[in-house]
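> One structure is given below, represented as structure tokens, and several questions about it will come after.
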Amino acid sequence: MQGKTTLVVYNPVAGSEGAGEYLKDLVEAISAKGHPALVFATRKEGDAKTIVRAYGEEVEDIVTMGGDGTLSEVTSALMTLQHRPPVGYIPAGTTNDFASGVGLSELSPERAVAIATTGEGQALDMGRINGTPFLYVAAFGTFATVSYRTSQAKKNVLGKMAYFLEGLRDLAEIESYHLEMETDHGHESGDFLLGLITNSNRVAGFINFTDQTDYADGVFEVLLVKSGFSALDYAAVARDLAAGRTTHPACFTFQTSTLTIRSEKPLQWTIDGEEGDNAVESHIEVMPNALRMRTAL
């Protein structure tokens with residue numbers, strides 16, 4: 001491949017199918033830099049990973065347009081490469097959790113394209129769970145599977161409300177897990193309904209459990225919600241999380257760079273909003289400064 005090519009990977013059905021609206025401006029901005037653009041539209045889950053693995057080491061940089069799932073595929077595929085070019089991101093999904101934390105979620109089209117196509121980017125951490133890379137969250141338990149259970153069509157029509165409607169189904173099926181955990185600080189144990197291991201200040205479009213996240217500090221933000229409280233308590237927890245508070249006694253929070261979790265029954269993991277593996281033992285670790293990404297931070 002000749003020249004300083006930019007690889008463009010976009011999801012044409014993300015969000016309200018708005019990714020294509022940026023495409024003309026994006027290609028023009030890339031051409032203005034003197035770069036040819038190699039453009040691919042994804043058609044199904046896994047396409048973005050395949051494209052990045054095939055072309056990622058041959059290009060100068062990568063720009064992706066779509067939702068959190070498309071970005072996660074691009075960045076996790078990069079972790080399999082020796083040469084990892086910088087990534088620009090134009091969010092076009094339903095919730096855009098990661099984008100909101102790095103200042104990319106409410107930009108004008110012109111500003112979004114400019115940031116996505118300029119500069120070396122900043123070093124950001126990624127995570128890995130049982131060998132699988134993830135960008136911003138590994139989750140289990142109540143509400144954790146809502147994102148991948150909600151159809152794309154429903155997300156496009158209803159936006160964030162689709163997640164709330166799907167999440168109501170979980171209220172009648174709350175399940176508790178007894179966990180034994182090893183962290184940077186020692187051993188922890190207890191019974192929990194929900195676990196979030198994140199490098200983001202927002203998850204699932206409404207859980208804002210930390211005001212600010214340092215995306216390159218080498219540690220995860222961990223939130224666990226304890227079992228044994230009343231339905232009214234959990235309603236209060238949901239309100240608190242939406243407001244960025246974790247002070248309710250049901251919430252257990254800490255930071256750690258590594259986390260090993262053992263459960264008496266398999267945990268169904270959700271990785272960056274997509275369905276992950278079941279496991280009774282999970283090892284999670286930070287991959288420090290593994291990604292270079294163009295952000296508005």
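Here, A, B, ... name the chains of the structure tokens in the order displayed, residue numbers run from 1 inside each chain, and ligands are numbered from 1 in the same displayed order.
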Write out, as a tab-separated table, each residue of region 238-280 of chain A that has an atom at most 8 Å from region 174-181 of chain A, together with the closest pair of atoms and their distance in Å to one decimal, counting only C-alpha atoms, rows going by chain and rising number.


```
residue	atom	partner	partner_atom	distance
A:Leu259	CA	A:Met181	CA	6.9
A:Thr260	CA	A:Met181	CA	5.5
A:Ile261	CA	A:Met181	CA	4.6
A:Arg262	CA	A:Glu180	CA	5.1
A:Ser263	CA	A:Leu179	CA	4.8
A:Glu264	CA	A:His178	CA	6.3
A:Lys265	CA	A:Tyr177	CA	7.3
```

> Keeping only C-alpha atoms, write the selected residues to a file as a PDB file, in the first residue's frame.


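Written output follows (part.pdb):
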```
ATOM      1  CA  LEU A 259      -8.649  -8.244  39.595  1.00  0.00           C
ATOM      2  CA  THR A 260      -9.266 -11.973  39.886  1.00  0.00           C
ATOM      3  CA  ILE A 261     -12.879 -13.000  40.486  1.00  0.00           C
ATOM      4  CA  ARG A 262     -14.051 -16.481  41.454  1.00  0.00           C
ATOM      5  CA  SER A 263     -17.770 -17.224  41.451  1.00  0.00           C
ATOM      6  CA  GLU A 264     -19.746 -20.260  42.590  1.00  0.00           C
ATOM      7  CA  LYS A 265     -21.716 -20.111  39.330  1.00  0.00           C
TER       8      LYS A 265
END
```

> Would you kindly return, as a list in words, each protein, DNA or RNA residue with an atom no farther than 7 Å from any atom of Arg292 (chain A), considering only C-alpha atoms and excluding same-chain residues fewer than 3 positions away?

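Here the answer would be Pro86, Val87, Gly121, Gln122, Ala123 and Leu124 of chain A.
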
> Using the chain letters and numbers from this document, which residues of region 190-245 of chain A does DSSP assign to alpha helix (DSSP H), as a PDB file with all heavy atoms, in the first residue's frame?


```
ATOM      1  N   ALA A 231     -36.118  -3.485  47.193  1.00  0.00           N
ATOM      2  CA  ALA A 231     -36.371  -2.920  45.865  1.00  0.00           C
ATOM      3  C   ALA A 231     -36.286  -1.400  45.893  1.00  0.00           C
ATOM      4  O   ALA A 231     -35.788  -0.775  44.955  1.00  0.00           O
ATOM      5  CB  ALA A 231     -37.738  -3.375  45.364  1.00  0.00           C
ATOM      6  N   LEU A 232     -36.747  -0.795  46.986  1.00  0.00           N
ATOM      7  CA  LEU A 232     -36.653   0.661  47.107  1.00  0.00           C
ATOM      8  C   LEU A 232     -35.197   1.115  47.173  1.00  0.00           C
ATOM      9  O   LEU A 232     -34.830   2.153  46.623  1.00  0.00           O
ATOM     10  CB  LEU A 232     -37.419   1.140  48.347  1.00  0.00           C
ATOM     11  CG  LEU A 232     -38.940   1.085  48.274  1.00  0.00           C
ATOM     12  CD1 LEU A 232     -39.555   1.502  49.610  1.00  0.00           C
ATOM     13  CD2 LEU A 232     -39.452   1.988  47.147  1.00  0.00           C
ATOM     14  N   ASP A 233     -34.374   0.327  47.861  1.00  0.00           N
ATOM     15  CA  ASP A 233     -32.948   0.646  47.926  1.00  0.00           C
ATOM     16  C   ASP A 233     -32.330   0.618  46.528  1.00  0.00           C
ATOM     17  O   ASP A 233     -31.556   1.507  46.163  1.00  0.00           O
ATOM     18  CB  ASP A 233     -32.214  -0.338  48.829  1.00  0.00           C
ATOM     19  CG  ASP A 233     -32.388  -0.033  50.302  1.00  0.00           C
ATOM     20  OD1 ASP A 233     -32.293   1.154  50.661  1.00  0.00           O
ATOM     21  OD2 ASP A 233     -32.623  -0.977  51.073  1.00  0.00           O
ATOM     22  N   TYR A 234     -32.679  -0.417  45.736  1.00  0.00           N
ATOM     23  CA  TYR A 234     -32.069  -0.518  44.412  1.00  0.00           C
ATOM     24  C   TYR A 234     -32.571   0.580  43.471  1.00  0.00           C
ATOM     25  O   TYR A 234     -31.843   1.029  42.591  1.00  0.00           O
ATOM     26  CB  TYR A 234     -32.293  -1.910  43.826  1.00  0.00           C
ATOM     27  CG  TYR A 234     -31.528  -2.967  44.588  1.00  0.00           C
ATOM     28  CD1 TYR A 234     -32.161  -4.076  45.130  1.00  0.00           C
ATOM     29  CD2 TYR A 234     -30.158  -2.828  44.805  1.00  0.00           C
ATOM     30  CE1 TYR A 234     -31.460  -5.026  45.849  1.00  0.00           C
ATOM     31  CE2 TYR A 234     -29.447  -3.768  45.536  1.00  0.00           C
ATOM     32  CZ  TYR A 234     -30.102  -4.864  46.054  1.00  0.00           C
ATOM     33  OH  TYR A 234     -29.408  -5.798  46.777  1.00  0.00           O
ATOM     34  N   ALA A 235     -33.814   1.015  43.679  1.00  0.00           N
ATOM     35  CA  ALA A 235     -34.294   2.171  42.915  1.00  0.00           C
ATOM     36  C   ALA A 235     -33.482   3.410  43.277  1.00  0.00           C
ATOM     37  O   ALA A 235     -33.127   4.222  42.407  1.00  0.00           O
ATOM     38  CB  ALA A 235     -35.782   2.403  43.190  1.00  0.00           C
ATOM     39  N   ALA A 236     -33.155   3.536  44.564  1.00  0.00           N
ATOM     40  CA  ALA A 236     -32.327   4.668  45.000  1.00  0.00           C
ATOM     41  C   ALA A 236     -30.923   4.574  44.434  1.00  0.00           C
ATOM     42  O   ALA A 236     -30.325   5.580  44.043  1.00  0.00           O
ATOM     43  CB  ALA A 236     -32.286   4.723  46.529  1.00  0.00           C
ATOM     44  N   VAL A 237     -30.389   3.347  44.378  1.00  0.00           N
ATOM     45  CA  VAL A 237     -29.066   3.145  43.785  1.00  0.00           C
ATOM     46  C   VAL A 237     -29.064   3.580  42.330  1.00  0.00           C
ATOM     47  O   VAL A 237     -28.149   4.267  41.863  1.00  0.00           O
ATOM     48  CB  VAL A 237     -28.630   1.673  43.908  1.00  0.00           C
ATOM     49  CG1 VAL A 237     -27.393   1.405  43.050  1.00  0.00           C
ATOM     50  CG2 VAL A 237     -28.348   1.314  45.359  1.00  0.00           C
ATOM     51  N   ALA A 238     -30.110   3.178  41.574  1.00  0.00           N
ATOM     52  CA  ALA A 238     -30.195   3.551  40.157  1.00  0.00           C
ATOM     53  C   ALA A 238     -30.236   5.062  39.991  1.00  0.00           C
ATOM     54  O   ALA A 238     -29.556   5.624  39.117  1.00  0.00           O
ATOM     55  CB  ALA A 238     -31.421   2.907  39.524  1.00  0.00           C
ATOM     56  N   ARG A 239     -31.001   5.736  40.843  1.00  0.00           N
ATOM     57  CA  ARG A 239     -31.062   7.208  40.778  1.00  0.00           C
ATOM     58  C   ARG A 239     -29.701   7.813  41.104  1.00  0.00           C
ATOM     59  O   ARG A 239     -29.250   8.759  40.442  1.00  0.00           O
ATOM     60  CB  ARG A 239     -32.127   7.741  41.738  1.00  0.00           C
ATOM     61  CG  ARG A 239     -33.551   7.491  41.298  1.00  0.00           C
ATOM     62  CD  ARG A 239     -34.531   8.337  42.108  1.00  0.00           C
ATOM     63  NE  ARG A 239     -34.433   8.074  43.543  1.00  0.00           N
ATOM     64  CZ  ARG A 239     -35.139   7.161  44.187  1.00  0.00           C
ATOM     65  NH1 ARG A 239     -35.988   6.397  43.514  1.00  0.00           N
ATOM     66  NH2 ARG A 239     -35.026   7.007  45.494  1.00  0.00           N
ATOM     67  N   ASP A 240     -29.049   7.267  42.123  1.00  0.00           N
ATOM     68  CA  ASP A 240     -27.735   7.792  42.514  1.00  0.00           C
ATOM     69  C   ASP A 240     -26.718   7.615  41.395  1.00  0.00           C
ATOM     70  O   ASP A 240     -25.939   8.524  41.100  1.00  0.00           O
ATOM     71  CB  ASP A 240     -27.234   7.076  43.776  1.00  0.00           C
ATOM     72  CG  ASP A 240     -27.925   7.564  45.037  1.00  0.00           C
ATOM     73  OD1 ASP A 240     -28.708   8.531  44.955  1.00  0.00           O
ATOM     74  OD2 ASP A 240     -27.686   6.966  46.105  1.00  0.00           O
ATOM     75  N   LEU A 241     -26.717   6.444  40.766  1.00  0.00           N
ATOM     76  CA  LEU A 241     -25.746   6.195  39.704  1.00  0.00           C
ATOM     77  C   LEU A 241     -25.982   7.124  38.526  1.00  0.00           C
ATOM     78  O   LEU A 241     -25.031   7.621  37.911  1.00  0.00           O
ATOM     79  CB  LEU A 241     -25.815   4.739  39.255  1.00  0.00           C
ATOM     80  CG  LEU A 241     -25.369   3.697  40.278  1.00  0.00           C
ATOM     81  CD1 LEU A 241     -25.501   2.299  39.697  1.00  0.00           C
ATOM     82  CD2 LEU A 241     -23.934   3.944  40.723  1.00  0.00           C
ATOM     83  N   ALA A 242     -27.242   7.372  38.203  1.00  0.00           N
ATOM     84  CA  ALA A 242     -27.545   8.295  37.108  1.00  0.00           C
ATOM     85  C   ALA A 242     -27.063   9.704  37.417  1.00  0.00           C
ATOM     86  O   ALA A 242     -26.731  10.473  36.512  1.00  0.00           O
ATOM     87  CB  ALA A 242     -29.045   8.299  36.822  1.00  0.00           C
TER      88      ALA A 242
END
```

> Which residues are close to Tyr136 (chain A), i.e. within 10 Å by only C-alpha atoms, leaving aside same-chain residues fewer than 2 positions away? Reply as a list of chain:residue names.

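Counting only the stated atoms, we get A:Asp68, A:Ser72, A:Asp97, A:Phe98, A:Asp125, A:Met126, A:Gly127, A:Pro133, A:Phe134, A:Ala138, A:Leu196, A:Ile197, A:Thr198, A:Asn199, A:Ser200, A:Asn201, A:Arg202, A:Val203, A:Tyr215, A:Phe220, A:Ile271, A:Asp272, A:Gly273.
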
> For a quick check of understanding, using only C-alpha atoms, which of A:Thr42, A:Ser31, A:Thr50, A:Ser257 has the smallest distance to Thr5 (chain A)?

A:Ser31

> With a distance cut-off of 10 Å and only C-alpha atoms, select the neighbouring residues of Gly67 (chain A), excluding the residue or stretch itself and same-chain residues fewer than 3 positions from it, and output the selection as a PyMOL selection string.

chain A and resi 10-11+13-15+19+64+70-72+89-99

> Rounded to one decimal, what separation in Å do you get between CA of Ala37 (chain A) and CA of Lys24 (chain A)?

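One can read the CA of Ala37 (chain A) to CA of Lys24 (chain A) distance as 11.2 Å.
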
> Would you mind listing what lies within 8 Å of Thr118 (chain A) as a PyMOL selection string, with only C-alpha atoms counted and same-chain residues fewer than 3 positions away left out?

chain A and resi 114-115+294

> Could you pull out the strand (DSSP E) residues of region 200-249 of chain A from DSSP and send them as a ChimeraX atom specification?

/A:220-226

> Would you write out those residues with N, CA, C and O atoms, as an mmCIF file, in the first residue's frame?


```cif
data_model
loop_
_atom_site.group_PDB
_atom_site.id
_atom_site.type_symbol
_atom_site.label_atom_id
_atom_site.label_comp_id
_atom_site.auth_asym_id
_atom_site.auth_seq_id
_atom_site.Cartn_x
_atom_site.Cartn_y
_atom_site.Cartn_z
ATOM 1 N N PHE A 220 -8.288 0.444 37.040
ATOM 2 C CA PHE A 220 -9.711 0.425 36.735
ATOM 3 C C PHE A 220 -10.486 1.125 37.844
ATOM 4 O O PHE A 220 -10.062 1.149 39.005
ATOM 5 N N GLU A 221 -11.653 1.657 37.482
ATOM 6 C CA GLU A 221 -12.664 2.050 38.459
ATOM 7 C C GLU A 221 -13.612 0.860 38.582
ATOM 8 O O GLU A 221 -14.161 0.399 37.573
ATOM 9 N N VAL A 222 -13.799 0.345 39.782
ATOM 10 C CA VAL A 222 -14.640 -0.835 39.988
ATOM 11 C C VAL A 222 -15.849 -0.454 40.828
ATOM 12 O O VAL A 222 -15.717 0.189 41.875
ATOM 13 N N LEU A 223 -17.026 -0.844 40.358
ATOM 14 C CA LEU A 223 -18.264 -0.664 41.105
ATOM 15 C C LEU A 223 -18.955 -2.007 41.234
ATOM 16 O O LEU A 223 -19.201 -2.689 40.233
ATOM 17 N N LEU A 224 -19.256 -2.400 42.472
ATOM 18 C CA LEU A 224 -20.028 -3.612 42.747
ATOM 19 C C LEU A 224 -21.259 -3.217 43.549
ATOM 20 O O LEU A 224 -21.170 -2.412 44.484
ATOM 21 N N VAL A 225 -22.411 -3.772 43.179
ATOM 22 C CA VAL A 225 -23.654 -3.504 43.895
ATOM 23 C C VAL A 225 -24.008 -4.749 44.712
ATOM 24 O O VAL A 225 -24.177 -5.846 44.157
ATOM 25 N N LYS A 226 -24.103 -4.572 46.031
ATOM 26 C CA LYS A 226 -24.321 -5.691 46.940
ATOM 27 C C LYS A 226 -25.763 -6.188 46.890
ATOM 28 O O LYS A 226 -26.696 -5.419 46.635
#
```

> Identify, on the basis of only C-alpha atoms, every residue whose closest approach to Thr80 (chain A) does not exceed 12 Å; exclude the query and any residue fewer than 5 positions from it along the same chain; express the result as JSON, numbers by chain.

{"A": [49, 50, 52, 53, 54, 56, 57, 73, 74, 75, 131, 132, 133, 290, 291]}

> Work out how far CA of Ser105 (chain A) is from CA of Gly88 (chain A), in Å to one decimal.

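If I compute the distance from CA of Gly88 (chain A) to CA of Ser105 (chain A), I get 13.0 Å.
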
> Between CA of Thr213 (chain A) and CA of Met79 (chain A), what is the spacing in Å?

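Interatomic distance here is 21.8 Å.
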
> From the list A:Val59, A:Ala296, A:Cys251, A:Leu23, which residue is nearest His83 (chain A) when using only C-alpha atoms?

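Smallest distance to His83 (chain A) is found for A:Val59.
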